[in-house]
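The data block below is my_file_29.txt; it holds compact mmCIF, C-alpha atoms.
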```
# COMPACT_ATOMS: atom_id res chain seq x y z
CA MET A 30 -98.45 6.77 79.77
CA PHE A 31 -98.71 10.31 81.15
CA THR A 32 -95.54 12.13 82.07
CA THR A 33 -95.48 15.46 83.86
CA ASN A 34 -92.90 17.33 85.85
CA THR A 35 -95.44 18.51 88.41
CA GLU A 36 -96.22 16.63 91.62
CA GLU A 37 -99.77 16.00 90.50
CA ILE A 38 -101.37 15.44 87.16
CA PRO A 39 -103.79 18.30 86.54
CA GLY A 40 -107.28 16.89 85.99
CA LYS A 41 -106.44 13.44 87.41
CA THR A 42 -106.08 11.89 90.83
CA ILE A 43 -103.21 9.67 91.89
CA THR A 44 -104.39 6.40 93.41
CA ARG A 45 -101.18 4.50 93.97
CA CYS A 46 -97.46 5.17 94.16
CA PHE A 47 -94.87 2.72 92.83
CA GLY A 48 -91.61 4.53 93.58
CA VAL A 49 -88.79 6.09 91.61
CA VAL A 50 -88.07 5.07 88.04
CA SER A 51 -85.16 6.29 85.96
CA GLY A 52 -83.50 5.98 82.60
CA SER A 53 -80.15 7.13 81.28
CA THR A 54 -78.07 7.14 78.13
CA VAL A 55 -74.47 7.96 77.41
CA ARG A 56 -73.77 9.00 73.87
CA ALA A 57 -70.58 9.89 72.10
CA LYS A 58 -70.33 12.27 69.20
CA HIS A 59 -68.84 10.87 66.02
CA ALA A 60 -65.80 12.31 64.29
CA GLY A 61 -67.70 14.17 61.59
CA ARG A 62 -69.78 16.03 64.12
CA ASP A 63 -66.70 16.85 66.15
CA LEU A 64 -65.06 18.38 63.11
CA MET A 65 -68.08 20.60 62.40
CA ALA A 66 -68.17 21.54 66.06
CA SER A 67 -64.56 22.70 66.06
CA LEU A 68 -65.34 24.85 63.02
CA LYS A 69 -68.33 26.29 64.81
CA ASN A 70 -66.07 27.13 67.71
CA ILE A 71 -64.40 29.67 65.44
CA PHE A 72 -67.52 31.12 63.83
CA GLY A 73 -69.94 30.73 66.72
CA GLY A 74 -73.54 29.59 66.35
CA GLU A 75 -75.63 26.55 67.00
CA LEU A 76 -74.04 23.10 66.98
CA LYS A 77 -76.86 21.32 65.19
CA GLY A 78 -75.21 17.91 65.37
CA TYR A 79 -74.95 18.11 69.13
CA THR A 80 -78.48 19.39 69.53
CA GLU A 81 -79.76 16.43 67.53
CA LEU A 82 -77.62 14.06 69.56
CA LEU A 83 -79.01 15.42 72.81
CA CYS A 84 -82.59 15.20 71.56
CA GLU A 85 -82.12 11.58 70.54
CA SER A 86 -80.52 10.57 73.81
CA ARG A 87 -83.16 12.43 75.80
CA ASP A 88 -85.94 10.58 73.98
CA GLU A 89 -84.20 7.27 74.54
CA ALA A 90 -83.72 7.96 78.26
CA ILE A 91 -87.43 8.81 78.56
CA GLU A 92 -88.35 5.61 76.72
CA ARG A 93 -86.24 3.54 79.12
CA MET A 94 -87.85 5.22 82.09
CA LYS A 95 -91.32 4.60 80.65
CA SER A 96 -90.68 0.91 80.02
CA GLN A 97 -89.47 0.54 83.60
CA ALA A 98 -92.67 2.18 84.85
CA LYS A 99 -94.77 -0.05 82.61
CA GLN A 100 -93.15 -3.14 84.12
CA MET A 101 -94.19 -1.95 87.55
CA GLY A 102 -97.75 -1.56 86.35
CA ALA A 103 -97.87 2.22 86.52
CA ASN A 104 -99.76 4.33 84.01
CA ALA A 105 -98.18 7.71 84.74
CA ILE A 106 -94.88 9.27 85.80
CA VAL A 107 -94.92 12.48 87.84
CA ASN A 108 -92.21 14.87 89.01
CA VAL A 109 -89.88 14.10 86.13
CA ARG A 110 -86.43 15.70 86.33
CA PHE A 111 -83.59 15.77 83.84
CA SER A 112 -79.94 16.01 84.57
CA THR A 113 -77.06 16.10 82.13
CA SER A 114 -73.37 15.66 82.68
CA SER A 115 -70.27 15.02 80.63
CA VAL A 116 -68.78 11.74 81.79
CA ALA A 117 -65.71 11.81 79.57
CA ALA A 118 -64.39 14.14 76.89
CA GLY A 119 -66.65 13.70 73.89
CA ALA A 120 -69.44 11.83 75.66
CA ALA A 121 -72.55 13.21 77.29
CA GLU A 122 -74.85 11.52 79.75
CA ILE A 123 -78.53 12.23 80.15
CA TYR A 124 -80.26 10.97 83.23
CA VAL A 125 -84.02 11.27 83.68
CA TYR A 126 -85.95 10.20 86.76
CA GLY A 127 -89.44 10.49 88.15
CA THR A 128 -92.05 8.82 90.34
CA ALA A 129 -94.19 6.07 88.84
CA VAL A 130 -97.84 6.27 89.91
CA ALA A 131 -101.24 5.01 88.97
CA ALA A 132 -103.67 7.81 88.09
CA GLU A 133 -107.33 7.95 87.19
CA MET B 21 -45.00 35.10 62.35
CA GLY B 22 -47.10 32.38 60.76
CA ASP B 23 -48.84 31.73 64.05
CA LEU B 24 -49.69 35.39 64.42
CA ILE B 25 -51.27 35.50 60.96
CA VAL B 26 -53.38 32.42 61.73
CA PHE B 27 -54.42 33.98 65.03
CA LEU B 28 -55.42 37.27 63.37
CA VAL B 29 -57.35 35.45 60.64
CA LEU B 30 -59.22 33.38 63.23
CA ILE B 31 -60.03 36.46 65.29
CA SER B 32 -61.38 38.42 62.34
CA LEU B 33 -63.36 35.43 61.06
CA GLY B 34 -64.81 34.96 64.54
CA TYR B 35 -65.62 38.64 64.86
CA GLY B 36 -67.33 38.92 61.48
CA PHE B 37 -69.30 35.68 61.44
CA GLY B 38 -69.98 35.74 65.17
CA LYS B 39 -71.50 39.20 65.01
CA TRP B 40 -73.62 38.36 62.00
CA ASN B 41 -74.70 35.09 63.56
CA GLU B 42 -75.72 36.68 66.84
CA ALA B 43 -77.66 39.49 65.17
CA SER B 44 -79.65 37.12 62.97
CA HIS B 45 -80.30 34.77 65.87
CA TYR B 46 -81.62 37.59 68.05
CA LYS B 47 -83.86 38.72 65.21
CA SER B 48 -85.34 35.24 64.86
CA ILE B 49 -85.77 34.91 68.65
CA ASP B 50 -87.65 38.23 68.83
CA ARG B 51 -89.92 37.30 65.96
CA ARG B 52 -90.80 33.89 67.38
CA GLU B 53 -91.29 35.19 70.91
CA LYS B 54 -93.86 37.65 69.61
CA ARG B 55 -95.65 34.90 67.73
CA LEU B 56 -95.77 32.60 70.79
CA VAL B 57 -96.83 35.23 73.28
CA TYR B 58 -100.29 33.60 73.48
CA LEU B 59 -98.80 30.59 75.30
CA PRO B 60 -98.03 31.61 78.89
CA THR B 61 -95.19 29.75 80.54
CA THR B 62 -94.86 29.77 84.30
CA ASN B 63 -92.79 27.95 86.85
CA SER B 64 -95.70 27.57 89.24
CA ARG B 65 -96.79 24.06 90.12
CA LYS B 66 -100.45 24.50 89.31
CA PRO B 67 -102.14 26.06 86.28
CA LEU B 68 -102.83 29.75 86.87
CA GLY B 69 -106.27 31.24 86.29
CA GLU B 70 -109.64 29.58 85.82
CA ASN B 71 -109.65 28.06 82.39
CA GLY B 72 -111.96 25.09 82.64
CA THR B 73 -111.32 21.36 82.91
CA VAL B 74 -107.93 20.01 82.04
CA GLN B 75 -108.10 17.56 79.16
CA ARG B 76 -104.50 16.58 78.82
CA ALA B 77 -101.21 17.24 80.62
CA TYR B 78 -97.90 16.06 79.24
CA LEU B 79 -94.17 16.61 79.42
CA VAL B 80 -92.62 18.88 76.79
CA SER B 81 -88.99 19.81 76.32
CA GLY B 82 -86.65 21.70 74.06
CA SER B 83 -82.89 21.82 73.88
CA VAL B 84 -80.12 23.63 72.07
CA VAL B 85 -76.34 23.64 71.97
CA ILE B 86 -74.72 26.95 71.07
CA SER B 87 -71.07 27.74 70.66
CA VAL B 88 -69.28 31.02 71.22
CA ASP B 89 -67.04 32.39 68.46
CA TYR B 90 -63.26 32.69 68.57
CA PHE B 91 -63.17 36.46 69.00
CA LYS B 92 -65.44 36.42 72.02
CA ARG B 93 -63.53 33.58 73.58
CA ILE B 94 -60.32 35.62 73.39
CA LEU B 95 -62.21 38.61 74.79
CA ALA B 96 -63.46 36.51 77.69
CA GLY B 97 -59.92 35.30 78.28
CA LEU B 98 -58.80 38.91 78.62
CA ARG B 99 -61.65 39.53 81.03
CA ASN B 100 -60.17 36.85 83.23
CA LEU B 101 -57.17 39.10 83.76
CA PHE B 102 -59.10 42.24 84.68
CA GLY B 103 -62.28 40.84 86.19
CA GLY B 104 -65.75 42.22 85.61
CA SER B 105 -68.82 40.89 83.88
CA VAL B 106 -68.17 38.80 80.78
CA ARG B 107 -70.64 40.31 78.33
CA SER B 108 -69.69 37.95 75.52
CA TYR B 109 -70.79 34.89 77.50
CA GLU B 110 -73.88 36.63 78.85
CA THR B 111 -75.34 36.95 75.37
CA LEU B 112 -74.40 33.32 74.66
CA VAL B 113 -76.36 31.87 77.56
CA ASP B 114 -79.20 34.34 77.05
CA ARG B 115 -79.60 33.22 73.44
CA ALA B 116 -79.37 29.57 74.37
CA ARG B 117 -82.02 29.78 77.12
CA ARG B 118 -84.48 31.76 75.05
CA GLU B 119 -84.00 29.43 72.09
CA ALA B 120 -84.57 26.32 74.23
CA ILE B 121 -87.77 27.76 75.72
CA LEU B 122 -88.98 28.73 72.25
CA ARG B 123 -88.35 25.22 70.94
CA MET B 124 -90.24 23.78 73.87
CA LYS B 125 -93.20 26.06 73.11
CA GLU B 126 -93.10 25.23 69.41
CA SER B 127 -93.26 21.51 70.18
CA CYS B 128 -96.81 21.79 71.57
CA PRO B 129 -98.95 24.05 69.37
CA LYS B 130 -102.20 22.83 70.95
CA ALA B 131 -101.30 23.64 74.55
CA LYS B 132 -102.84 26.61 76.34
CA GLN B 133 -100.36 26.89 79.17
CA ILE B 134 -97.01 25.45 80.19
CA ILE B 135 -96.44 25.04 83.92
CA ASN B 136 -93.51 24.07 86.12
CA LEU B 137 -90.84 25.25 83.71
CA ARG B 138 -87.31 24.10 84.54
CA VAL B 139 -84.19 25.18 82.74
CA GLU B 140 -81.03 23.15 82.93
CA THR B 141 -77.69 24.49 81.68
CA SER B 142 -74.45 22.64 81.22
CA SER B 143 -71.37 22.82 79.07
CA ILE B 144 -70.88 19.60 77.17
CA TYR B 145 -67.94 20.62 75.11
CA LYS B 146 -64.78 21.81 76.72
CA GLY B 147 -62.21 23.24 74.39
CA ARG B 148 -58.48 23.38 74.90
CA LYS B 149 -57.30 24.53 78.32
CA ASN B 150 -60.79 23.82 79.67
CA GLN B 151 -62.27 27.02 78.30
CA ILE B 152 -66.01 26.83 77.84
CA GLY B 153 -66.62 26.29 74.15
CA SER B 154 -70.35 25.86 74.13
CA VAL B 155 -73.37 25.65 76.38
CA GLU B 156 -76.20 23.19 76.30
CA VAL B 157 -79.59 24.27 77.58
CA LEU B 158 -82.52 21.96 78.21
CA ALA B 159 -85.89 23.50 79.03
CA TYR B 160 -88.79 21.32 80.13
CA GLY B 161 -92.24 21.73 81.58
CA THR B 162 -95.77 20.37 81.64
CA ALA B 163 -98.06 21.45 78.82
CA ILE B 164 -101.75 21.75 79.60
CA GLU B 165 -104.64 21.43 77.18
CA TYR B 166 -108.16 22.43 78.21
CA GLU B 167 -111.45 21.03 77.09
CA ARG B 168 -113.21 23.24 74.60
CA GLY B 169 -116.28 24.92 75.93
```
Go ahead and render the structure in this file as structure tokens.
Amino acid sequence: MFTTNTEEIPGKTITRCFGVVSGSTVRAKHAGRDLMASLKNIFGGELKGYTELLCESRDEAIERMKSQAKQMGANAIVNVRFSTSSVAAGAAEIYVYGTAVAAE
Amino acid sequence: MGDLIVFLVLISLGYGFGKWNEASHYKSIDRREKRLVYLPTTNSRKPLGENGTVQRAYLVSGSVVISVDYFKRILAGLRNLFGGSVRSYETLVDRARREAILRMKESCPKAKQIINLRVETSSIYKGRKNQIGSVEVLAYGTAIEYERG
């Protein structure tokens, strides 16, 4: 499965379009990470726990999008976009969407 | 009185650690940016320059969450009274963006170019009174590998 965030896949031609596919995850931080984060809010610096959390949820959202595309019979996803938002205090949502296509 | 002491302790801790943290982070950013200068990153839709046939194109991304320290947050709060540019938050987002782009570049050592770079910024953690506590930056793009020849 190829994924790109350009309209075309460089070096390949798109033969068929299947439509938009998307995946999303909402993750909450656990108490331990929240405690470290409030400490970091005094000292400043990277919140490693949150970075990890975001990476994990991003990967999962991409996986969900890919499995949706696979069901449609696509072998590539182009024009992928990410968007993040905080749904509630302490929870972050990652939404990823793109166009499923067949490419050769 | 007790509150004041806590406040002063927090401010000095924030000032000391925050300053040290920022300096060492900037040092590491500069060093890594120099090392990765061979990998051009553009936000154009097509690969720039004639480099041969494309072998592989794939999505790469990097993200980081950085928090501002207590001292700077108070400083920014004061800025809200007088207006003007908030320098303390400028360095925060600058660090976060450069770090995210660097992580994205580090995730694909074989690539020769990264095209269509997008940078997404949001604050996921809101502290008390809705002050921005930290920013999250996600950088993503398409990495290109060329056939050897």
Problem set entry | CA of Val155 in chain B to CA of Ser143 in chain B, straight-line distance in Å | 4.4 Å
Exercise. What residues in chain B lie within 7 Å of chain A, counting only C-alpha atoms, written as a list in words?
Worked result: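 My answer is Leu30, Leu33, Gly34, Phe37, Gly38, Asn41, Arg65, Thr73, Val74, Gln75, Ala77, Tyr78, Leu79, Ser83, Val84, Val85, Ile86, Ser87, Val88, Asp89, Tyr90, Asn136, Ile144, Gly153, Gly161 and Thr162 of chain B.
Atom to atom, CA of Val157 in chain B and CA of Thr111 in chain B stand 13.6 Å apart.
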For this session: Compile the contact shell of Met101 in chain A as an MDAnalysis selection string: residues with an atom at most 12 Å away, counting all atoms listed in the file, same-chain residues fewer than 6 positions apart removed.
Result: chainID A and resid 45:50 94:95 128:131
Problem set entry | Nearby residues (only C-alpha atoms) at most 8 Å from range 89-93 of chain A, same-chain spacing under 2 positions excluded, as a PyMOL selection string | chain A and resi 51-54+85-87+95-97+123-125
Problem set entry | Expected residue set, 10 Å radius at (-81.5, 31.0, 75.0), all atoms listed in the file, as number ranges by chain | B: 45-46, 49, 83-86, 111-123, 155-159
For this session: Go ahead and compute the interatomic distance for CA of Tyr58 in chain B and CA of Gln133 in chain B, in Å to one decimal.
Result: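 Distance reported for this atom pair: 8.8 Å.
Applying the 12 Å criterion to (-59.2, 38.4, 74.5) in file coordinates and using all atoms listed in the file, one obtains the residues Phe27, Leu28, Ile31, Gly34, Tyr35, Asp89, Tyr90, Phe91, Lys92, Arg93, Ile94, Leu95, Ala96, Gly97, Leu98, Arg99, Asn100, Leu101, Phe102, Val106 and Ser108 of chain B.
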May I have the selected residues written with C-alpha atoms, as a CSV table (one decimal), keeping the file's coordinate frame?
```
chain,number,residue,atom,x,y,z
B,27,PHE,CA,-54.4,34.0,65.0
B,28,LEU,CA,-55.4,37.3,63.4
B,31,ILE,CA,-60.0,36.5,65.3
B,34,GLY,CA,-64.8,35.0,64.5
B,35,TYR,CA,-65.6,38.6,64.9
B,89,ASP,CA,-67.0,32.4,68.5
B,90,TYR,CA,-63.3,32.7,68.6
B,91,PHE,CA,-63.2,36.5,69.0
B,92,LYS,CA,-65.4,36.4,72.0
B,93,ARG,CA,-63.5,33.6,73.6
B,94,ILE,CA,-60.3,35.6,73.4
B,95,LEU,CA,-62.2,38.6,74.8
B,96,ALA,CA,-63.5,36.5,77.7
B,97,GLY,CA,-59.9,35.3,78.3
B,98,LEU,CA,-58.8,38.9,78.6
B,99,ARG,CA,-61.6,39.5,81.0
B,100,ASN,CA,-60.2,36.8,83.2
B,101,LEU,CA,-57.2,39.1,83.8
B,102,PHE,CA,-59.1,42.2,84.7
B,106,VAL,CA,-68.2,38.8,80.8
B,108,SER,CA,-69.7,38.0,75.5
```
